[in-house]
$ cat run08.pdb   # PDB, C-alpha atoms, pLDDT in the B column
ATOM      1  CA  ALA A 279     163.575  88.159 107.997  1.00 98.00           C
ATOM      2  CA  PHE A 280     162.348  87.815 104.435  1.00 98.00           C
ATOM      3  CA  ALA A 281     160.407  84.746 103.289  1.00 97.00           C
ATOM      4  CA  SER A 282     158.826  84.116  99.912  1.00 95.00           C
ATOM      5  CA  ARG A 283     159.110  82.304  96.621  1.00 95.00           C
ATOM      6  CA  LEU A 284     162.424  83.570  95.324  1.00 98.00           C
ATOM      7  CA  GLU A 285     161.081  85.077  92.117  1.00 97.00           C
ATOM      8  CA  PRO A 286     161.640  88.538  90.576  1.00 98.00           C
ATOM      9  CA  ASP A 287     158.219  89.928  91.583  1.00 97.00           C
ATOM     10  CA  LYS A 288     159.005  89.203  95.258  1.00 97.00           C
ATOM     11  CA  ASN A 289     162.226  91.285  95.049  1.00 98.00           C
ATOM     12  CA  PRO A 290     164.630  89.215  97.160  1.00 98.00           C
ATOM     13  CA  MET A 291     167.575  90.893  95.414  1.00 98.00           C
ATOM     14  CA  LEU A 292     166.292  94.283  96.596  1.00 98.00           C
ATOM     15  CA  TYR A 293     166.217  92.864 100.130  1.00 98.00           C
ATOM     16  CA  LEU A 294     169.831  91.724  99.780  1.00 98.00           C
ATOM     17  CA  GLU A 295     170.962  95.073  98.366  1.00 98.00           C
ATOM     18  CA  SER A 296     169.275  96.789 101.307  1.00 98.00           C
ATOM     19  CA  ALA A 297     170.866  94.377 103.785  1.00 98.00           C
ATOM     20  CA  ARG A 298     174.306  95.097 102.323  1.00 98.00           C
ATOM     21  CA  GLU A 299     173.776  98.841 102.908  1.00 98.00           C
ATOM     22  CA  ILE A 300     172.426  98.383 106.440  1.00 98.00           C
ATOM     23  CA  LEU A 301     175.386  96.199 107.415  1.00 98.00           C
ATOM     24  CA  LYS A 302     177.746  99.115 106.720  1.00 98.00           C
ATOM     25  CA  GLU A 303     176.237 100.927 109.719  1.00 98.00           C
ATOM     26  CA  PHE A 304     174.987  97.948 111.741  1.00 98.00           C
ATOM     27  CA  PRO A 305     177.535  95.147 111.124  1.00 98.00           C
ATOM     28  CA  SER A 306     176.192  92.846 113.843  1.00 97.00           C
ATOM     29  CA  VAL A 307     172.677  92.532 112.403  1.00 98.00           C
ATOM     30  CA  LYS A 308     171.680  89.060 111.226  1.00 98.00           C
ATOM     31  CA  PHE A 309     169.396  88.805 108.178  1.00 98.00           C
ATOM     32  CA  HIS A 310     167.352  85.730 107.248  1.00 98.00           C
ATOM     33  CA  LEU A 311     166.296  84.990 103.685  1.00 98.00           C
ATOM     34  CA  LEU A 312     163.946  82.014 103.496  1.00 98.00           C
ATOM     35  CA  GLY A 313     162.644  80.388 100.364  1.00 97.00           C
ATOM     36  CA  GLU A 314     163.220  78.601  97.085  1.00 97.00           C
ATOM     37  CA  GLY A 315     162.781  79.648  93.485  1.00 97.00           C
ATOM     38  CA  SER A 316     164.426  80.718  90.259  1.00 98.00           C
ATOM     39  CA  LEU A 317     166.731  83.275  91.911  1.00 98.00           C
ATOM     40  CA  VAL A 318     168.567  80.841  94.225  1.00 98.00           C
ATOM     41  CA  ASN A 319     171.803  80.878  92.204  1.00 98.00           C
ATOM     42  CA  GLU A 320     171.768  84.660  91.799  1.00 98.00           C
ATOM     43  CA  ILE A 321     171.172  85.077  95.542  1.00 98.00           C
ATOM     44  CA  ASN A 322     174.023  82.708  96.441  1.00 98.00           C
ATOM     45  CA  LYS A 323     176.356  84.580  94.081  1.00 98.00           C
ATOM     46  CA  PHE A 324     175.376  87.976  95.547  1.00 98.00           C
ATOM     47  CA  ILE A 325     175.977  86.749  99.103  1.00 98.00           C
ATOM     48  CA  LEU A 326     179.395  85.332  98.172  1.00 98.00           C
ATOM     49  CA  ASP A 327     180.462  88.288  96.000  1.00 98.00           C
ATOM     50  CA  ASN A 328     179.608  90.746  98.783  1.00 98.00           C
ATOM     51  CA  ASN A 329     181.082  88.695 101.657  1.00 98.00           C
ATOM     52  CA  LEU A 330     177.709  88.518 103.414  1.00 98.00           C
ATOM     53  CA  SER A 331     177.761  84.845 104.443  1.00 97.00           C
ATOM     54  CA  GLY A 332     178.337  85.708 108.107  1.00 97.00           C
ATOM     55  CA  ASN A 333     175.352  88.056 108.250  1.00 98.00           C
ATOM     56  CA  ILE A 334     172.797  86.441 105.953  1.00 98.00           C
ATOM     57  CA  ASN A 335     171.205  83.121 106.752  1.00 97.00           C
ATOM     58  CA  PHE A 336     169.952  81.922 103.368  1.00 98.00           C
ATOM     59  CA  THR A 337     167.952  78.730 103.636  1.00 96.00           C
ATOM     60  CA  PHE A 338     164.651  77.013 103.051  1.00 93.00           C
ATOM     61  CA  HIS A 339     162.616  76.490 106.226  1.00 93.00           C
ATOM     62  CA  ASN A 340     159.638  74.127 106.442  1.00 92.00           C
ATOM     63  CA  ASN A 341     158.081  76.155 109.260  1.00 94.00           C
ATOM     64  CA  PRO A 342     158.999  79.861 108.908  1.00 95.00           C
ATOM     65  CA  PRO A 343     157.135  80.954 112.089  1.00 94.00           C
ATOM     66  CA  GLU A 344     159.807  79.082 114.068  1.00 95.00           C
ATOM     67  CA  MET A 345     162.249  81.641 112.654  1.00 96.00           C
ATOM     68  CA  PHE A 346     159.848  84.576 112.958  1.00 97.00           C
ATOM     69  CA  LYS A 347     159.543  83.971 116.713  1.00 96.00           C
ATOM     70  CA  GLU A 348     163.237  84.912 116.928  1.00 96.00           C
ATOM     71  CA  THR A 349     163.207  87.981 114.642  1.00 98.00           C
ATOM     72  CA  LEU A 350     162.247  91.608 115.212  1.00 98.00           C
ATOM     73  CA  ILE A 351     161.450  92.792 111.683  1.00 98.00           C
ATOM     74  CA  PHE A 352     159.820  91.092 108.708  1.00 98.00           C
ATOM     75  CA  VAL A 353     160.294  92.501 105.208  1.00 98.00           C
ATOM     76  CA  SER A 354     157.930  91.867 102.278  1.00 97.00           C
ATOM     77  CA  LEU A 355     158.756  93.568  98.984  1.00 97.00           C
ATOM     78  CA  GLN A 356     156.261  92.203  96.501  1.00 95.00           C
ATOM     79  CA  THR A 357     155.740  94.217  93.353  1.00 96.00           C
ATOM     80  CA  GLY A 358     151.996  93.606  93.647  1.00 90.00           C
ATOM     81  CA  SER A 359     149.760  93.592  96.696  1.00 86.00           C
ATOM     82  CA  ASN A 360     151.089  91.954  99.865  1.00 79.00           C
ATOM     83  CA  TYR A 361     147.532  91.359 101.074  1.00 77.00           C
ATOM     84  CA  PRO A 362     146.795  88.764 102.374  1.00 75.00           C
ATOM     85  CA  SER A 363     150.328  87.346 102.340  1.00 87.00           C
ATOM     86  CA  GLN A 364     150.637  84.223 104.471  1.00 86.00           C
ATOM     87  CA  SER A 365     154.242  85.018 105.389  1.00 93.00           C
ATOM     88  CA  VAL A 366     153.388  88.573 106.451  1.00 94.00           C
ATOM     89  CA  LEU A 367     150.483  87.318 108.566  1.00 92.00           C
ATOM     90  CA  GLU A 368     152.664  84.669 110.201  1.00 94.00           C
ATOM     91  CA  ALA A 369     155.370  87.244 110.943  1.00 97.00           C
ATOM     92  CA  MET A 370     152.767  89.631 112.372  1.00 97.00           C
ATOM     93  CA  ALA A 371     151.341  86.872 114.573  1.00 95.00           C
ATOM     94  CA  CYS A 372     154.886  86.214 115.840  1.00 97.00           C
ATOM     95  CA  GLY A 373     155.284  89.862 116.860  1.00 98.00           C
ATOM     96  CA  ASN A 374     157.449  91.214 114.056  1.00 98.00           C
ATOM     97  CA  ALA A 375     157.308  94.851 112.992  1.00 98.00           C
ATOM     98  CA  ILE A 376     156.540  94.838 109.270  1.00 98.00           C
ATOM     99  CA  VAL A 377     158.341  96.627 106.451  1.00 98.00           C
ATOM    100  CA  ALA A 378     156.282  96.116 103.298  1.00 97.00           C
ATOM    101  CA  SER A 379     156.046  97.522  99.807  1.00 97.00           C
ATOM    102  CA  ASN A 380     153.267 100.067  99.482  1.00 96.00           C
ATOM    103  CA  ALA A 381     151.420  98.231  96.716  1.00 94.00           C
ATOM    104  CA  GLY A 382     147.857  97.126  96.088  1.00 91.00           C
ATOM    105  CA  ASP A 383     145.860  96.317  99.201  1.00 88.00           C
ATOM    106  CA  THR A 384     148.898  96.081 101.501  1.00 92.00           C
ATOM    107  CA  ASN A 385     147.620  99.040 103.520  1.00 92.00           C
ATOM    108  CA  LEU A 386     144.620  96.932 104.572  1.00 88.00           C
ATOM    109  CA  PHE A 387     146.839  95.280 107.150  1.00 89.00           C
ATOM    110  CA  VAL A 388     150.136  97.165 107.347  1.00 95.00           C
ATOM    111  CA  ASP A 389     150.098 100.763 108.529  1.00 96.00           C
ATOM    112  CA  ASP A 390     152.033 103.010 110.907  1.00 97.00           C
ATOM    113  CA  SER A 391     150.542 101.204 113.919  1.00 97.00           C
ATOM    114  CA  ASN A 392     152.303  97.928 113.084  1.00 98.00           C
ATOM    115  CA  GLY A 393     154.932  98.646 110.457  1.00 98.00           C
ATOM    116  CA  ILE A 394     156.286 100.858 107.734  1.00 98.00           C
ATOM    117  CA  LEU A 395     155.171 100.959 104.109  1.00 98.00           C
ATOM    118  CA  VAL A 396     158.033 101.553 101.671  1.00 98.00           C
ATOM    119  CA  GLU A 397     158.639 102.207  98.019  1.00 98.00           C
ATOM    120  CA  LEU A 398     160.484  99.559  96.023  1.00 98.00           C
ATOM    121  CA  ASN A 399     163.915 101.149  96.143  1.00 98.00           C
ATOM    122  CA  VAL A 400     166.964 100.591  98.324  1.00 98.00           C
ATOM    123  CA  ASP A 401     166.869 104.054  99.957  1.00 98.00           C
ATOM    124  CA  SER A 402     163.273 103.700 101.162  1.00 98.00           C
ATOM    125  CA  ILE A 403     163.802 100.161 102.455  1.00 98.00           C
ATOM    126  CA  VAL A 404     167.114 100.982 104.157  1.00 98.00           C
ATOM    127  CA  ARG A 405     165.622 104.034 105.899  1.00 98.00           C
ATOM    128  CA  ALA A 406     162.730 101.978 107.271  1.00 98.00           C
ATOM    129  CA  ILE A 407     164.835  99.071 108.509  1.00 98.00           C
ATOM    130  CA  LYS A 408     167.503 101.352 110.018  1.00 98.00           C
ATOM    131  CA  LYS A 409     164.793 103.271 111.860  1.00 98.00           C
ATOM    132  CA  LEU A 410     163.576 100.039 113.467  1.00 98.00           C
ATOM    133  CA  ILE A 411     167.065  98.728 114.237  1.00 98.00           C
ATOM    134  CA  ALA A 412     168.026 102.038 115.846  1.00 98.00           C
ATOM    135  CA  ASP A 413     164.928 102.034 118.075  1.00 98.00           C
ATOM    136  CA  VAL A 414     164.339  98.446 119.155  1.00 98.00           C
ATOM    137  CA  SER A 415     161.706  99.522 121.703  1.00 98.00           C
ATOM    138  CA  ALA A 416     159.625 101.162 118.968  1.00 98.00           C
ATOM    139  CA  ALA A 417     160.067  98.093 116.750  1.00 98.00           C
ATOM    140  CA  LYS A 418     158.849  95.833 119.576  1.00 98.00           C
ATOM    141  CA  ILE A 419     155.779  98.043 120.077  1.00 98.00           C
ATOM    142  CA  LEU A 420     154.986  97.792 116.352  1.00 98.00           C
ATOM    143  CA  GLY A 421     155.443  94.026 116.602  1.00 98.00           C
ATOM    144  CA  LEU A 422     153.020  93.774 119.523  1.00 98.00           C
ATOM    145  CA  GLN A 423     150.498  95.821 117.562  1.00 98.00           C
ATOM    146  CA  ALA A 424     151.044  93.576 114.529  1.00 98.00           C
ATOM    147  CA  ALA A 425     150.331  90.473 116.627  1.00 97.00           C
ATOM    148  CA  LYS A 426     147.146  92.025 118.031  1.00 97.00           C
ATOM    149  CA  PHE A 427     146.040  93.051 114.561  1.00 95.00           C
ATOM    150  CA  ALA A 428     146.657  89.587 113.106  1.00 93.00           C
ATOM    151  CA  LYS A 429     144.724  87.911 115.910  1.00 91.00           C
ATOM    152  CA  ALA A 430     141.765  90.298 115.711  1.00 90.00           C
ATOM    153  CA  ASN A 431     141.475  90.718 111.956  1.00 84.00           C
ATOM    154  CA  HIS A 432     142.645  87.603 110.194  1.00 81.00           C
ATOM    155  CA  THR A 433     139.957  85.137 110.990  1.00 79.00           C
ATOM    156  CA  ILE A 434     138.579  82.706 108.430  1.00 80.00           C
ATOM    157  CA  GLY A 435     135.425  84.825 108.213  1.00 84.00           C
ATOM    158  CA  LYS A 436     137.248  88.082 107.473  1.00 79.00           C
ATOM    159  CA  VAL A 437     139.576  86.546 104.900  1.00 76.00           C
ATOM    160  CA  SER A 438     136.623  84.810 103.219  1.00 85.00           C
ATOM    161  CA  GLU A 439     134.751  88.127 103.143  1.00 85.00           C
ATOM    162  CA  TYR A 440     137.752  89.778 101.443  1.00 80.00           C
ATOM    163  CA  TYR A 441     137.861  87.090  98.743  1.00 82.00           C
ATOM    164  CA  LEU A 442     134.106  87.161  98.214  1.00 89.00           C
ATOM    165  CA  ASP A 443     134.197  90.972  97.821  1.00 88.00           C
ATOM    166  CA  LEU A 444     137.037  90.586  95.318  1.00 83.00           C
ATOM    167  CA  ILE A 445     135.133  87.975  93.307  1.00 91.00           C
ATOM    168  CA  ASN A 446     131.937  90.018  93.410  1.00 92.00           C
ATOM    169  CA  SER A 447     133.753  93.149  92.198  1.00 90.00           C
ATOM    170  CA  VAL A 448     135.000  91.196  89.161  1.00 91.00           C
ATOM    171  CA  ILE A 449     131.525  89.782  88.455  1.00 91.00           C
ATOM    172  CA  ASP A 450     129.880  93.185  88.788  1.00 82.00           C
TER     173      ASP A 450
END
$ encode --input "run08.pdb" --output "structure tokens"
Amino acid sequence: AFASRLEPDKNPMLYLESAREILKEFPSVKFHLLGEGSLVNEINKFILDNNLSGNINFTFHNNPPEMFKETLIFVSLQTGSNYPSQSVLEAMACGNAIVASNAGDTNLFVDDSNGILVELNVDSIVRAIKKLIADVSAAKILGLQAAKFAKANHTIGKVSEYYLDLINSVID
């Protein structure tokens, strides 16, 4: 699954390009792309032009965790930091292994115990997702670790502390 505002800095087109490549080897995989934004028409065109309608569920969902409970892998490809992305945290809490861009403070909550950090290119993303698809047991273990991490580390107090530290670093 992929869920975000569908804007260039979130890289939904990179997700779709990666999905197209993965489907060549794993044609039964179902991808979910959730969101709204300026790239909706471009996304629809890409899905149609590449005959991906049967494998990509492109929709807006009012409650993405309902979808995340049914998925194995969550992908976040922001150009900037993914931390503390609400969608990533929700996917972690639902037991998804995480594939996230290695940018900014993302490594504060995604590491090799609960996911895979990737570079923002198709090869890196495809390798990571294929690795998880090929070893579902390993992906489920990462997902369990992600859920434990989200529960233990993403309390109101810890998130507030992060924001206060960020504000204080700017003031200092």
$ closest_residue --input "run08.pdb" --among "A:Phe387, A:Phe309, A:Phe338, A:Tyr440" --to "Val353 in chain A" --atoms "only C-alpha atoms"
A:Phe309
$ resolve_selection --input "run08.pdb" --expression "the PyMOL selection byres ((chain A and resi 354) around 8)" --output "mmCIF file with C-alpha atoms, keeping the file's coordinate frame"
data_model
loop_
_atom_site.group_PDB
_atom_site.id
_atom_site.type_symbol
_atom_site.label_atom_id
_atom_site.label_comp_id
_atom_site.auth_asym_id
_atom_site.auth_seq_id
_atom_site.Cartn_x
_atom_site.Cartn_y
_atom_site.Cartn_z
ATOM 1 C CA PHE A 280 162.348 87.815 104.435
ATOM 2 C CA ALA A 281 160.407 84.746 103.289
ATOM 3 C CA LYS A 288 159.005 89.203 95.258
ATOM 4 C CA PHE A 352 159.820 91.092 108.708
ATOM 5 C CA VAL A 353 160.294 92.501 105.208
ATOM 6 C CA LEU A 355 158.756 93.568 98.984
ATOM 7 C CA GLN A 356 156.261 92.203 96.501
ATOM 8 C CA ASN A 360 151.089 91.954 99.865
ATOM 9 C CA VAL A 366 153.388 88.573 106.451
ATOM 10 C CA ILE A 376 156.540 94.838 109.270
ATOM 11 C CA VAL A 377 158.341 96.627 106.451
ATOM 12 C CA ALA A 378 156.282 96.116 103.298
ATOM 13 C CA SER A 379 156.046 97.522 99.807
#
$ closest_residue --input "run08.pdb" --among "A:Ile411, A:Leu311, A:Ile325, A:Val404" --to "Phe346 in chain A" --atoms "all atoms listed in the file"
A:Leu311
$ residues_around --input "run08.pdb" --residues "Ala406 in chain A" --least-positions-apart "3" --cutoff "12 Å" --atoms "all atoms listed in the file" --output "list in words"
Ser296, Ala297, Ile300, Ile351, Phe352, Val353, Ala375, Ile376, Val377, Ala378, Ser379, Asp390, Gly393, Ile394, Leu395, Val396, Glu397, Leu398, Asn399, Val400, Asp401, Ser402, Ile403, Lys409, Leu410, Ile411, Ala412, Asp413 and Ala417 of chain A
$ residues_around --input "run08.pdb" --residues "Lys347 in chain A" --least-positions-apart "5" --cutoff "12 Å" --atoms "all atoms listed in the file" --output "JSON, numbers by chain"
{"A": [279, 341, 342, 352, 368, 369, 370, 371, 372, 373, 374, 375, 421, 425]}
$ atom_distance --input "run08.pdb" --atom1 "CA of Asp389 in chain A" --atom2 "CA of Arg405 in chain A"
16.1 Å
$ axis_aligned_box --input "run08.pdb" --around "range 373-377 of chain A" --padding-each-side "4 Å" --output "JSON"
{"center_x": 156.8, "center_y": 93.2, "center_z": 111.7, "size_x": 11.1, "size_y": 14.8, "size_z": 18.4}
$ resolve_selection --input "run08.pdb" --expression "the PyMOL selection byres ((chain A and resi 313) around 8)" --output "list in words"
Ala281, Ser282, Arg283, Leu284, Leu311, Leu312, Glu314, Gly315, Thr337, Phe338 and His339 of chain A
$ closest_residue --input "run08.pdb" --among "A:Ser365, A:Asn385, A:Ser306, A:Ser447" --to "Ile334 in chain A" --atoms "all atoms listed in the file"
A:Ser306
$ atom_distance --input "run08.pdb" --atom1 "CA of Ser391 in chain A" --atom2 "CA of Pro305 in chain A"
27.8 Å
$ build_atoms --input "run08.pdb" --residues "range 408-421 of chain A" --atoms "N, CA, C and O atoms" --output "PDB file, in the frame of the given file"
ATOM      1  N   LYS A 408     166.583 100.673 109.090  1.00 98.00           N
ATOM      2  CA  LYS A 408     167.503 101.352 110.018  1.00 98.00           C
ATOM      3  C   LYS A 408     166.744 102.020 111.151  1.00 98.00           C
ATOM      4  O   LYS A 408     167.189 102.003 112.304  1.00 98.00           O
ATOM      5  N   LYS A 409     165.608 102.614 110.829  1.00 98.00           N
ATOM      6  CA  LYS A 409     164.793 103.271 111.860  1.00 98.00           C
ATOM      7  C   LYS A 409     164.390 102.257 112.931  1.00 98.00           C
ATOM      8  O   LYS A 409     164.447 102.549 114.131  1.00 98.00           O
ATOM      9  N   LEU A 410     163.998 101.065 112.525  1.00 98.00           N
ATOM     10  CA  LEU A 410     163.576 100.039 113.467  1.00 98.00           C
ATOM     11  C   LEU A 410     164.757  99.432 114.227  1.00 98.00           C
ATOM     12  O   LEU A 410     164.643  99.151 115.423  1.00 98.00           O
ATOM     13  N   ILE A 411     165.876  99.259 113.572  1.00 98.00           N
ATOM     14  CA  ILE A 411     167.065  98.728 114.237  1.00 98.00           C
ATOM     15  C   ILE A 411     167.571  99.720 115.281  1.00 98.00           C
ATOM     16  O   ILE A 411     167.980  99.327 116.377  1.00 98.00           O
ATOM     17  N   ALA A 412     167.527 101.006 114.940  1.00 98.00           N
ATOM     18  CA  ALA A 412     168.026 102.038 115.846  1.00 98.00           C
ATOM     19  C   ALA A 412     167.131 102.235 117.063  1.00 98.00           C
ATOM     20  O   ALA A 412     167.586 102.718 118.097  1.00 98.00           O
ATOM     21  N   ASP A 413     165.869 101.865 116.966  1.00 98.00           N
ATOM     22  CA  ASP A 413     164.928 102.034 118.075  1.00 98.00           C
ATOM     23  C   ASP A 413     164.192 100.713 118.296  1.00 98.00           C
ATOM     24  O   ASP A 413     163.034 100.543 117.905  1.00 98.00           O
ATOM     25  N   VAL A 414     164.878  99.789 118.934  1.00 98.00           N
ATOM     26  CA  VAL A 414     164.339  98.446 119.155  1.00 98.00           C
ATOM     27  C   VAL A 414     163.035  98.499 119.951  1.00 98.00           C
ATOM     28  O   VAL A 414     162.108  97.739 119.678  1.00 98.00           O
ATOM     29  N   SER A 415     162.941  99.412 120.911  1.00 98.00           N
ATOM     30  CA  SER A 415     161.706  99.522 121.703  1.00 98.00           C
ATOM     31  C   SER A 415     160.517  99.854 120.807  1.00 98.00           C
ATOM     32  O   SER A 415     159.442  99.261 120.948  1.00 98.00           O
ATOM     33  N   ALA A 416     160.702 100.794 119.900  1.00 98.00           N
ATOM     34  CA  ALA A 416     159.625 101.162 118.968  1.00 98.00           C
ATOM     35  C   ALA A 416     159.287  99.984 118.055  1.00 98.00           C
ATOM     36  O   ALA A 416     158.111  99.729 117.773  1.00 98.00           O
ATOM     37  N   ALA A 417     160.303  99.258 117.605  1.00 98.00           N
ATOM     38  CA  ALA A 417     160.067  98.093 116.750  1.00 98.00           C
ATOM     39  C   ALA A 417     159.272  97.025 117.500  1.00 98.00           C
ATOM     40  O   ALA A 417     158.363  96.405 116.936  1.00 98.00           O
ATOM     41  N   LYS A 418     159.586  96.825 118.783  1.00 98.00           N
ATOM     42  CA  LYS A 418     158.849  95.833 119.576  1.00 98.00           C
ATOM     43  C   LYS A 418     157.399  96.257 119.765  1.00 98.00           C
ATOM     44  O   LYS A 418     156.498  95.405 119.739  1.00 98.00           O
ATOM     45  N   ILE A 419     157.155  97.548 119.949  1.00 98.00           N
ATOM     46  CA  ILE A 419     155.779  98.043 120.077  1.00 98.00           C
ATOM     47  C   ILE A 419     155.004  97.783 118.785  1.00 98.00           C
ATOM     48  O   ILE A 419     153.869  97.307 118.809  1.00 98.00           O
ATOM     49  N   LEU A 420     155.636  98.082 117.640  1.00 98.00           N
ATOM     50  CA  LEU A 420     154.986  97.792 116.352  1.00 98.00           C
ATOM     51  C   LEU A 420     154.696  96.299 116.223  1.00 98.00           C
ATOM     52  O   LEU A 420     153.642  95.901 115.728  1.00 98.00           O
ATOM     53  N   GLY A 421     155.634  95.475 116.659  1.00 98.00           N
ATOM     54  CA  GLY A 421     155.443  94.026 116.602  1.00 98.00           C
ATOM     55  C   GLY A 421     154.286  93.554 117.465  1.00 98.00           C
ATOM     56  O   GLY A 421     153.512  92.685 117.059  1.00 98.00           O
TER      57      GLY A 421
END
